[in-house]
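Peer 1: Pasting in a structure now, in structure tokens, and then I'll have a few things to ask.
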Amino acid sequence: MSTIFYIFCQVSAKRGIIKTMIIREAKISDIAEIRKLGANVYEFSTTEEVVTFWPEHILRNCVESKTDWLLVAEKDSEIIGFIICNNSRVFKKAVIENVFVSPLHRKKGVGKKLLESLLAKIQLTDCEYVAVATGDNNNTAISFYVKNGFNRGGNFAWMDKVLSEKFSKL
């Protein structure tokens with residue numbers, strides 16, 4: 001059973017409705033829905049040279065891992081966002097690999113709640129440092145992380161090399 005980290009309720013005075021969002025650990029059964037989120041947005045486009053979305057086996061490893069995390073935001077039984085984090089116990093460092101929110105649910109606090117939930121989980125470990133990389137021209141992401149207490153480091157070039165056929169295009 002998944003651990004629920006956060007339940008966010010919003011009440012609309014005009015309409016008298018309550019909307020609930022849950023942040024929880026991902027389950028194996030969530031993987032297909034997570035992959036669908038990444039299949040049709042420009043942020044996760046893939047080319048022959050660069051793979052920018054997580055293969056199914058990597059997502060499965062995150063779900064099954066005792067040290068790495070994949071949390072999802074769920075609203076009305078639909079996954080609307082996720083956060084993936086790689087935690088190195090040797091280096092006492094966590095690296096946030098992705099925060100993604102469905103375009104229909106952006107600017108509503110979903111990413112912030114995913115990040116807060118992840119940081120709360122990380123603080124229960126012996127991790128001493130959290131890092132995230134984003135493009136130096138991704139002002140939306142940079143602003144998001146700065147607003148949430150991260151410091152901006154220097155510019156870098158991301159280099160990668162695929163070593164397995166399993167890590168391929170969607």
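Each chain in the structure tokens gets a letter, A, B, ..., in the order shown, and its residues are numbered from 1; ligands are numbered from 1 in order too.
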I need the residues in range 8-169 of chain A that are alpha helix (DSSP H) according to DSSP; give them as a VMD selection string.
Peer 2: chain A and resid 31 to 39 56 to 64 110 to 122 139 to 147
Peer 1: Just C-alpha atoms for this one: save the residues we selected as a short mmCIF file (atom, residue, chain, number, x, y, z; two decimals), in the first residue's frame.
Peer 2:
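Once everything was written out, this is result22.cif:
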```cif
data_model
loop_
_atom_site.label_atom_id
_atom_site.label_comp_id
_atom_site.auth_asym_id
_atom_site.auth_seq_id
_atom_site.Cartn_x
_atom_site.Cartn_y
_atom_site.Cartn_z
CA ILE A 31 3.70 3.40 -14.58
CA ALA A 32 1.61 3.31 -17.76
CA GLU A 33 -0.23 6.48 -16.74
CA ILE A 34 3.04 8.23 -15.85
CA ARG A 35 4.46 7.31 -19.26
CA LYS A 36 1.31 8.64 -20.96
CA LEU A 37 1.89 11.99 -19.26
CA GLY A 38 5.33 12.17 -20.85
CA ALA A 39 4.35 10.88 -24.27
CA GLU A 56 9.44 1.61 -18.16
CA HIS A 57 12.13 -0.47 -16.44
CA ILE A 58 13.67 2.64 -14.84
CA LEU A 59 10.29 3.77 -13.51
CA ARG A 60 9.70 0.25 -12.19
CA ASN A 61 13.09 0.34 -10.45
CA CYS A 62 12.17 3.66 -8.80
CA VAL A 63 8.87 2.28 -7.54
CA GLU A 64 10.54 -0.84 -6.15
CA VAL A 110 0.86 20.79 -7.74
CA GLY A 111 4.63 20.99 -8.38
CA LYS A 112 5.18 22.76 -5.08
CA LYS A 113 3.28 20.06 -3.17
CA LEU A 114 5.21 17.31 -4.96
CA LEU A 115 8.50 19.02 -4.07
CA GLU A 116 7.48 19.66 -0.45
CA SER A 117 6.42 16.04 -0.04
CA LEU A 118 9.68 14.77 -1.50
CA LEU A 119 11.79 17.08 0.67
CA ALA A 120 9.89 15.92 3.77
CA LYS A 121 10.66 12.32 2.82
CA ILE A 122 14.33 13.11 2.16
CA ASN A 139 13.37 30.30 -16.54
CA THR A 140 10.12 28.72 -15.34
CA ALA A 141 11.95 25.82 -13.67
CA ILE A 142 14.73 28.05 -12.32
CA SER A 143 12.18 30.41 -10.78
CA PHE A 144 10.26 27.45 -9.30
CA TYR A 145 13.35 26.04 -7.58
CA VAL A 146 14.59 29.44 -6.34
CA LYS A 147 11.13 30.16 -4.86
#
```
Peer 1: Which residues of range 47-79 of chain A come within 7 Å of range 20-29 of chain A, and what is each one's closest atom pair and distance in Å (one decimal), counting only C-alpha atoms, sorted by chain and residue number, as CSV?
Peer 2:
```
residue,atom,partner,partner_atom,distance
A:Arg60,CA,A:Ile28,CA,6.3
A:Val63,CA,A:Ala26,CA,6.0
A:Leu70,CA,A:Ala26,CA,5.7
A:Leu71,CA,A:Glu25,CA,4.4
A:Val72,CA,A:Arg24,CA,5.6
A:Ala73,CA,A:Ile23,CA,4.5
A:Glu74,CA,A:Ile22,CA,5.1
A:Lys75,CA,A:Met21,CA,4.6
```
Peer 1: Could those selected residues go to a file with C-alpha atoms, as a PDB file, in the first residue's frame?
Peer 2:
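Output contents, as saved in selection_4.pdb:
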```
ATOM      1  CA  ARG A  60       9.696   0.251 -12.188  1.00  0.00           C
ATOM      2  CA  VAL A  63       8.866   2.278  -7.542  1.00  0.00           C
ATOM      3  CA  LEU A  70       8.817   8.317  -7.420  1.00  0.00           C
ATOM      4  CA  LEU A  71       5.889  10.274  -6.009  1.00  0.00           C
ATOM      5  CA  VAL A  72       2.695  11.081  -7.872  1.00  0.00           C
ATOM      6  CA  ALA A  73       0.048  13.776  -7.553  1.00  0.00           C
ATOM      7  CA  GLU A  74      -3.414  12.345  -7.972  1.00  0.00           C
ATOM      8  CA  LYS A  75      -6.683  14.192  -8.468  1.00  0.00           C
TER       9      LYS A  75
END
```
